[in-house]
Structure formats: structure tokens, C-alpha cells
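Undergrad: Quick one: structure below, then a few questions.
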Protein chains: 2
Amino acid sequence: MIRISLDVMGGDFGPEVVIPGAAKALERHPDVTFLLFGQQERCDTILDRFPKLKERSVFHHCDVSVGMDEKPSQALRRGRYVSSMWRSIEAVKSGEADVVVSAGNTGALMAMAKFCLRTMATIERPAIAAIWPTLSGESIVLDVGAGIGADSQQLLDFAVMGGAMARALFDIEKPLVGLLNVGVEEIKGQEDVKEAGRLIREAGLDSIDYYGFVEGDDLGKGTVDVVVTEGFTGNIALKTAEGTAKQIAEYLRAAMTRTWMAKLGYLLAKGAFDRLREKMDPRKVNGGVFLGLNGVVIKSHGGTDAEGFAAAIDVGHDMVRNGLTQKIENDLKKYHARHPSPAGPEAA
Amino acid sequence: MIRISLDVMGGDFGPEVVIPGAAKALERHPDVTFLLFGQQERCDTILDRFPKLKERSVFHHCDVSVGMDEKPSQALRRGRYVSSMWRSIEAVKSGEADVVVSAGNTGALMAMAKFCLRTMATIERPAIAAIWPTLSGESIVLDVGAGIGADSQQLLDFAVMGGAMARALFDIEKPLVGLLNVGVEEIKGQEDVKEAGRLIREAGLDSIDYYGFVEGDDLGKGTVDVVVTEGFTGNIALKTAEGTAKQIAEYLRAAMTRTWMAKLGYLLAKGAFDRLREKMDPRKVNGGVFLGLNGVVIKSHGGTDAEGFAAAIDVGHDMVRNGLTQKIENDLKKYHARHPSPAGPEAA
């Protein structure tokens with residue numbers, strides 16, 4: 001049985017999307033139970049429409065909801081201990097839930113998750129990992145926006161954590177990990193990235209296979225299982241790819257409706273277009289995973305619908321079932337046992 | 001009359017692509033003359049196939065060609081004064097040509113261009129500007145790989161130079177300029193980017209309209225005319241977009257050939273697909289423009305074909321015809337007249 005905690009008030013639509021999304025996820029995973037945190041009056045009538053979900057859920061009323069535009073510091077001040085976001089995270093800390101899923105504002109969610117769950121002993125900075133659709137399946141890309149900048153040791157931590165997530169998600173023994181850079185030659189790139197390449201190579205990690213540098217166009221190709229970069233670049237790469245996909249979908253739509261021949265062709269090839277749309281559906285890969293915390297936190301897109309929110313719950317379910325946190329902890333422990341830092345890992 | 005200097009040996013295919021590309025460009029711009037720099041024996045037989053081009057060209061033999069994998073320092077050591085790349089740039093410096101186009105290796109081309117043409121008086125770091133296809137037309141994105149990192153003053157310089165290029169290319173009076181960042185709230189982002197936002201706002205530039213921050217997905221939307229970022233992020237964004245476009249084209253190809261219904265649909269909609277292909281054709285937007293040098297240098301993709309190389313020549317032609325260098329110089333002069341730096345602009 002997997003127990004999932006939900007911030008029902010998170011996202012652009014709150015309970016209108018979160019509750020139907022949870023109901024969808026429950027159909028796929030009948031073993032799941034839910035802890036729901038939100039405003040009782042707003043949720044009650046919606047929840048009544050999903051009796052199965054209601055039966056498998058415990059509802060906790062929270063007076064405070066974190067706004068989508070609230071600054072992390074403001075959200076912490078106003079919402080700590082009392083908001084639906086905080087309390088849904090706290091359920092993971094107290095052991096009442098195995099994972100929390102929120103479509104709430106990323107900055108506030110990360111701030112509260114750090115404050116409540118704390119980062120793992122040797123981790124200085126958590127990361128958000130995205131699941132990236134590629135020509136050869138899926139890859140993991142991190143960090144896509146937990147922080148800005150990362151030194152070489154933090155990039156190494158990202159490589160270890162991303163590798164653990166790939167093993168949990170893709171069932172590969174030794175995931176192939178690459179560092180995002182502007183050129184494949186060793187001479188190019190940021191100092192921190194070059195230094196991280198040296199560190200990872202020298203670390204001789206058992207848990208991953210280090211590929212070397214990859215470039216922006218390797219993301220879509222799926223050259224490696226895990227792409228490591230700092231959060232500024234990762235976030236821009238992610239949004240650029242999403243934007244490009246939308247742009248091409250729009251070109252395609254315009255082209256297919258311009259003449260009656262094109263419209264007829266579209267109708268005949270509709271099955272193929274449906275498959276393509278499914279392949280490009282951003283809801284399918286919804287669910288950023290916070291890595292490096294003492295607990296599993298999944299961030300859903302704020303603007304997603306019930307299908308998309310259910311996909312984020314799927315990701316959380318997968319991460320718990322495959323022991324993500326334990327895998328990360330083990331891999332970090334193995335690395336630090338072989339590479340004690342001058343002041344010991346506790347100091348980090 | 002516009003005089004164009006070509007590094008005939010540059011690119012993956014050298015004269016086999018550059019010479020036919022020049023011939024194509026000549027058809028579109030009969031006012032153009034060429035200075036060709038390359039190895040005489042390799043070029044002669046190819047050039048003989050294009051008598052019109054031969055008539056409008058002067059050929060200069062060069063013993064040395066810069067390799068596509070040569071490091072910039074090595075290329076400078078081996079190729080300064082003697083290589084086809086150097087001499088094609090030098091023709092701009094000496095005033096024999098108005099612009100140089102090369103498909104050669106980017107690092108070497110930038111190193112040689114800086115060494116030969118020098119950066120403009122107040123510019124510390126040149127940038128490479130890419131023309132980016134968007135839903136509303138085209139935008140300019142810079143820097144896409146001339147340097148790594150940029151401080152706030154350099155980002156402001158990029159904004160001014162990109163604005164000048166937009167005026168030259170798009171015929172807009174006051175281009176809308178945005179800074180690439182990870183969030184639209186003023187609180188987010190790199191320190192240098194935030195500081196650049198303040199600097200640009202306070203500068204009250206006449207030549208551009210400052211929009212504020214934009215995110216990765218604004219690139220494809222065409223939210224602004226000019227997107228400013230440092231070279232590491234810009235390069236990764238560019239390659240990520242190119243990779244995503246290829247990925248979707250591949251999905252589309254696979255979908256349209258899977259069933260006979262889809263194939264029939266494809267045939268009927270072929271005109272629409274052709275338009276789409278043309279819209280997504282990377283050759284159409286080939287031609288990175290080096291900004292901040294005393295002369296116009298255009299970098300073509302190394303792996304492009306004759307059509308793509310001709311497009312790079314088109315960009316060079318446009319930049320000269322619309323007085324890119326003068327526009328940049330004027331805009332920088334106006335800015336520095338109003339904002340003298342403590343040590344005077346000459347010290348920068």
C-alpha cells in the first residue's frame with residue numbers, strides 16, 4: 001500500500017483538478033490511499049462526485065492556501081505549519097504518507113520542503129529532476145530550477161542522484177550520465193562543468209556510467225539516460241523545448257487547415273496525428289521530482305488538468321515503489337565512503 | 001555593389017558547398033561581387049561549373065586551411081596571415097570586402113576575427129547573434145556561443161547590439177528587447193541578469209524598448225524582437241530547440257508512414273507538409289552574426305548545403321545593405337555619451 005499526500009489547493013485550479021486527478025490515479029493504482037489537505041467547503045462537493053476516492057482518503061481541513069505568485073519567503077511566513085502545502089509535506093515527514101504531490105508554486109514548495117524535510121546529510125542543494133521524452137524513450141534532466149548555479153561538487157551530487165532516479169524509473173543497472181555543455185571538446189565550457197567532469201571521472205562511481213559532455217541537441221536524441229546541469233540552464237532548456245514543441249504543433253495545425261486537400265489528408269491520417277499528439281502531450285511527462293530531500297516530493301505543472309495531475313501521482317507512485325530515497329542514500333553513502341571530504345561528510 | 005569575402009575552405013564540405021552556395025546567392029543578388037580564398041586546385045574545377053560566379057569573383061590562393069576541430073589557439077598559430085579563414089577576414093579589415101562569410105569552425109573564426117578586426121572601442125566581448133524563427137516571425141537571440149558568462153554591462157552591450165541588428169534586419173524603429181531568465185518575477189534569476197535588468201531600465205536607451213525578463217518558452221512565441229543572454233545558456237537553448245525540432249520531425253515521419261491510411265493522408269496533405277518542412281528548414285535561418293567587431297562576419301553552419309550557405313550570404317548582404325556596423329556604433333556612442341563610465345569609454 002502506498003500512501004499519497006496531496007496539496008489539494010495547489011495549482012491554477014486547485015481542487016477542481018487535483019481531486020479528479022487523484023480519482024484517475026486511483027483507478028490505475030487501486031493499492032493507493034490519500035491524505036488530502038485543503039479547504040473543506042471548497043472540496044466537499046467535488047469530492048462527493050468521486051465516492052471511491054472519498055472512501056480511500058482522509059481529509060484534513062487547512063485554512064491557509066499558498067498563492068501561485070507568492071514569494072517563497074512570504075509563503076513560509078504565512079503558510080508554515082498551517083497551509084495545505086506545508087501540511088501535505090509534513091505528512092511525509094511524520095511518516096503518515098510516503099510521498100507528497102503538489103501543483104503549487106515551485107519556489108514555495110521547494111522552500112517548505114527544504115524547511116520541513118531537510119536536505120540529506122551530504123547534500124548542499126536539492127535539485128528538481130524532469131522526465132524528458134526523447135527519440136529513444138525518456139531521459140532524466142536535472143536541475144531544472146531548484147537553484148541557480150552549481151559548483152562541481154554539487155554537479156557530482158546531481159549526477160549521483162539523477163543516476164539513482166534513473167535506476168528507480170527505468171530499471172537500468174548503470175545509467176549513462178552526461179554533463180550538459182556547449183561543446184564536446186574537453187577545452188570548451190564553464191569551469192565548474194569542466195571540473196565536475198574531472199571529479200566524476202576520478203570518482204569512479206559504481207552506480208553510474210559517465211558518458212562525458214553532451215550538448216543541447218542531445219536532449220531530444222536521448223544520447224544519455226541522465227543529463228546534469230545547473231538550474232538556470234536546465235530551466236531554460238526545458239522551457240525552450242516545451243516552447244519549440246508548441247510552436248511546431250501550431251505550424252502543423254495551421255498547415256493542416258489551410259486547404260481542403262490538407263484537411264482531407266488530415267482526416268485520413270487522423271490516427272497518426274492522434275498518436276503524434278499523444279507522443280507530444282506534455283501531460284504525459286508531468287511531474288518534477290525533488291531530489292536530495294529526506295522524503296519524496298513531486299511537483300506537478302500548475303496549469304495542468306486532471307490527466308496531467310494523475311500523471312504526476314503516477315511518478316510519485318513509481319518513485320516510492322522503487323525506493324528512490326533509499327537508492328539515493330545508498331549511492332551517496334557509497335560515494336562518500338570512498339571519498340571522505342576533508343571535514344567529513346557531516347560538515348557538508 | 002556589395003563585396004563579399006568567402007572562406008571557401010570552411011565547413012564540413014569546403015568548396016563543394018561554398019562555391020555552389022555563392023552561385024545561388026549571386027542569382028538573388030546580381031549586384032554582388034566575391035573575393036574567394038581557398039586552395040586553387042581544389043576550387044578550379046568546381047568554379048568552372050559556375051561561369052557567372054567566376055566572372056564576378058577574384059580568387060586568392062591560400063596554402064593553409066583551418067580544420068573543423070582545430071582549437072582556436074592552434075588555428076591562430078598555424079593559420080594567422082596565411083589561411084583562407086584569416087585572409088577572408090583580412091579583406092574586410094583592408095576595406096576590399098564589406099562582409100566575410102565562413103562555414104569554418106566557430107572558435108577559430110571568432111578568435112581570428114577578434115585578432116584581425118578587433119572589438120569596437122567600448123565592447124569588451126563580442127557576441128554571436130542567431131536569427132530565431134518564431135510564431136510571429138523572427139527574433140534575434142544573442143549570445144549563442146561567442147563567450148561563456150557575461151556580466152551586467154556586457155549583457156547591456158548585447159541588448160544595444162542586438163537592438164541595432166533588429167533595426168537592420170526587421171526594419172523596426174524600436175525593437176522590443178528581453179533578458180532571458182528563469183522567472184518573470186523580479187526576484188528570480190542570476191545576479192548578473194537581475195543587475196542587467198536594472199542597468200538597462202535606468203539607461204533609458206532610445207534605440208530599444210526594454211520588455212523585461214522572458215523565459216525559455218518565449219523564444220518560440222516571439223514575445224520580443226531580441227532575446228539577450230550569455231553564451232553558455234544561449235548556445236544550449238539554440239541547440240535544444242534545434243534538437244526538439246528534429247525530434248518532432250522524426251515523430252511525424254514515423255507516424256505518417258505507419259499505416260496505409262496515414263500514408264494516403266500524407267499524400268493528400270503533401271502541400272501542407274511541404275510548407276511545414278520549409279517553415280522548419282534550418283537552412284532558412286542559417287547565419288550567425290558576430291556583433292561587436294569592426295566589420296561584419298557571418299558564421300554559417302559547418303554542415304549546411306549550398307542552399308544553407310546561400311542563406312548565410314543573404315544575411316551578410318542584408319547586414320551590409322542596412323548598415324549594421326554603423327547602427328551599432330551609433331547606438332553605442334549615444335549610450336556612452338549619456339552614461340560616461342568612470343574611466344571614460346576608451347578604458348572599457
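Ligands are numbered from 1 in the order shown, chains are lettered A, B, ... in the order of the C-alpha cells, and residues start at 1 in each chain.
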What are the closest atom pairs, with distances in Å to one decimal, for all residues of chain B lying within 6 Å of chain A? Consider only C-alpha atoms, order rows by chain and residue number, and present the result as CSV.
TA:
residue,atom,partner,partner_atom,distance
B:Gly216,CA,A:Thr240,CA,4.2
B:Asp217,CA,A:Gly243,CA,4.1
B:Gly220,CA,A:Gly243,CA,5.4
B:Thr233,CA,A:Thr233,CA,5.5
B:Ile236,CA,A:Gly216,CA,4.7
B:Ala237,CA,A:Ala237,CA,5.3
B:Lys239,CA,A:Gly216,CA,4.5
B:Thr240,CA,A:Gly216,CA,4.2
B:Ala241,CA,A:Ala241,CA,5.6
B:Gly243,CA,A:Asp217,CA,4.1
B:Thr244,CA,A:Gly220,CA,5.5
B:Gln247,CA,A:Gly220,CA,5.9
B:Ala255,CA,A:Ala272,CA,5.0
B:Met261,CA,A:Leu268,CA,5.7
B:Ala262,CA,A:Ala269,CA,4.0
B:Gly265,CA,A:Gly265,CA,3.7
B:Tyr266,CA,A:Gly265,CA,5.9
B:Leu268,CA,A:Gly265,CA,4.8
B:Ala269,CA,A:Ala262,CA,4.0
B:Ala272,CA,A:Ala255,CA,4.9
Undergrad: Could you list, as a list of chain:residue names, every residue within 7 Å of stretch 155-168 of chain B, counting only C-alpha atoms and ignoring same-chain residues fewer than 4 positions away?
TA: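 Listed by chain and then number, they are B:Ile140, B:Leu142, B:Ala150, B:Asp151, B:Ile172, B:Glu173, B:Pro175, B:Val177, B:Ala196, B:Ile200, B:Ser207, B:Ile208, B:Asp225, B:Val226, B:Val228, B:Thr229, B:Leu291, B:Met319, B:Asn322, B:Gly323, B:Leu324, B:Lys327, B:Ile328, B:Asp331, B:Leu332.
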Undergrad: Can you pull out every residue within 10 Å of A:Arg49, counting only C-alpha atoms, but drop anything in the same chain fewer than 5 positions away, and send it as a PyMOL selection string?
TA: chain A and resi 19-20+23+44+54
Undergrad: With distances taken over only C-alpha atoms, which residue among B:Trp132, B:Phe115, B:Phe59, B:Phe37 lies nearest B:Arg87?
TA: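 Selected residue with least distance to B:Arg87: B:Phe37.
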Undergrad: Just the residues within 12 Å of A:Arg42, please, counting only C-alpha atoms, with nothing from its chain fewer than 6 positions along; format it as a list in words.
TA: Val8, Met9, Phe13, Gly14, Pro15, Glu16, Ile19, Asp48, His61, Cys62, Asp63 and Ser65 of chain A
Undergrad: Output N, CA, C and O atoms for every residue in the selection just made, as a PDB file, in the first residue's frame.
TA:
ATOM      1  N   VAL A   8      -4.206  19.819  -1.984  1.00  0.00           N
ATOM      2  CA  VAL A   8      -5.386  19.933  -2.849  1.00  0.00           C
ATOM      3  C   VAL A   8      -5.569  21.357  -3.379  1.00  0.00           C
ATOM      4  O   VAL A   8      -6.154  21.573  -4.439  1.00  0.00           O
ATOM      5  N   MET A   9      -5.029  22.344  -2.659  1.00  0.00           N
ATOM      6  CA  MET A   9      -5.233  23.737  -3.054  1.00  0.00           C
ATOM      7  C   MET A   9      -4.198  24.231  -4.061  1.00  0.00           C
ATOM      8  O   MET A   9      -4.298  25.348  -4.566  1.00  0.00           O
ATOM      9  N   PHE A  13      -5.902  25.583 -10.623  1.00  0.00           N
ATOM     10  CA  PHE A  13      -7.314  25.227 -10.461  1.00  0.00           C
ATOM     11  C   PHE A  13      -7.623  24.550  -9.127  1.00  0.00           C
ATOM     12  O   PHE A  13      -8.779  24.280  -8.836  1.00  0.00           O
ATOM     13  N   GLY A  14      -6.599  24.235  -8.337  1.00  0.00           N
ATOM     14  CA  GLY A  14      -6.803  23.645  -7.012  1.00  0.00           C
ATOM     15  C   GLY A  14      -7.630  22.372  -7.059  1.00  0.00           C
ATOM     16  O   GLY A  14      -7.385  21.505  -7.913  1.00  0.00           O
ATOM     17  N   PRO A  15      -8.637  22.265  -6.156  1.00  0.00           N
ATOM     18  CA  PRO A  15      -9.393  21.008  -6.017  1.00  0.00           C
ATOM     19  C   PRO A  15     -10.098  20.573  -7.308  1.00  0.00           C
ATOM     20  O   PRO A  15     -10.301  19.381  -7.525  1.00  0.00           O
ATOM     21  N   GLU A  16     -10.445  21.529  -8.189  1.00  0.00           N
ATOM     22  CA  GLU A  16     -11.143  21.185  -9.434  1.00  0.00           C
ATOM     23  C   GLU A  16     -10.298  20.272 -10.322  1.00  0.00           C
ATOM     24  O   GLU A  16     -10.826  19.544 -11.159  1.00  0.00           O
ATOM     25  N   ILE A  19      -8.554  16.819  -7.283  1.00  0.00           N
ATOM     26  CA  ILE A  19      -9.428  15.716  -6.847  1.00  0.00           C
ATOM     27  C   ILE A  19      -9.771  14.773  -8.014  1.00  0.00           C
ATOM     28  O   ILE A  19      -9.569  13.558  -7.909  1.00  0.00           O
ATOM     29  N   ASP A  48     -17.526  14.654  -3.328  1.00  0.00           N
ATOM     30  CA  ASP A  48     -18.742  13.840  -3.363  1.00  0.00           C
ATOM     31  C   ASP A  48     -18.966  13.191  -4.732  1.00  0.00           C
ATOM     32  O   ASP A  48     -19.646  12.168  -4.836  1.00  0.00           O
ATOM     33  N   HIS A  61      -8.704  19.603   6.971  1.00  0.00           N
ATOM     34  CA  HIS A  61      -9.015  20.983   6.613  1.00  0.00           C
ATOM     35  C   HIS A  61      -7.833  21.907   6.950  1.00  0.00           C
ATOM     36  O   HIS A  61      -7.227  21.807   8.021  1.00  0.00           O
ATOM     37  N   CYS A  62      -7.495  22.803   6.018  1.00  0.00           N
ATOM     38  CA  CYS A  62      -6.463  23.816   6.263  1.00  0.00           C
ATOM     39  C   CYS A  62      -7.041  25.177   5.887  1.00  0.00           C
ATOM     40  O   CYS A  62      -7.602  25.332   4.791  1.00  0.00           O
ATOM     41  N   ASP A  63      -6.865  26.152   6.761  1.00  0.00           N
ATOM     42  CA  ASP A  63      -7.391  27.486   6.492  1.00  0.00           C
ATOM     43  C   ASP A  63      -6.607  28.212   5.411  1.00  0.00           C
ATOM     44  O   ASP A  63      -7.158  29.009   4.655  1.00  0.00           O
ATOM     45  N   SER A  65      -4.097  28.733   2.105  1.00  0.00           N
ATOM     46  CA  SER A  65      -3.582  28.184   0.845  1.00  0.00           C
ATOM     47  C   SER A  65      -2.460  29.094   0.364  1.00  0.00           C
ATOM     48  O   SER A  65      -2.563  30.312   0.463  1.00  0.00           O
TER      49      SER A  65
END
Undergrad: Enumerate as an MDAnalysis selection string all residues of stretch 51-271 of chain B assigned to strand (DSSP E or B) by DSSP on the backbone, naming them with the chain letters and numbers the document uses.
TA: chainID B and resid 57:61 64 83 99:102 119 127:134 137:142 176:180 209:214 226:228
Undergrad: May I ask for the distance between atom CA of A:Lys52 and atom CA of A:Val18, given in Å to one decimal place?
TA: 14.9 Å
Undergrad: Which of stretch 72-316 of chain A end up as alpha helix (DSSP H) when DSSP is run on this backbone - answer as a VMD selection string?
TA: chain A and resid 72 to 79 84 to 93 106 to 117 152 to 170 191 to 203 216 to 221 231 to 256 260 to 268 270 to 280 306 to 316
Undergrad: Could you please determine the separation between atom CA of A:Gly292 and atom CA of A:Gln154 in Å, to one decimal place?
TA: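 Separating atom CA of A:Gly292 from atom CA of A:Gln154 is a distance of 10.8 Å.
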Undergrad: Would you mind listing what lies within 9 Å of B:Gly21 as a count of residues only, with only C-alpha atoms counted and same-chain residues fewer than 4 positions away left out?
TA: 12
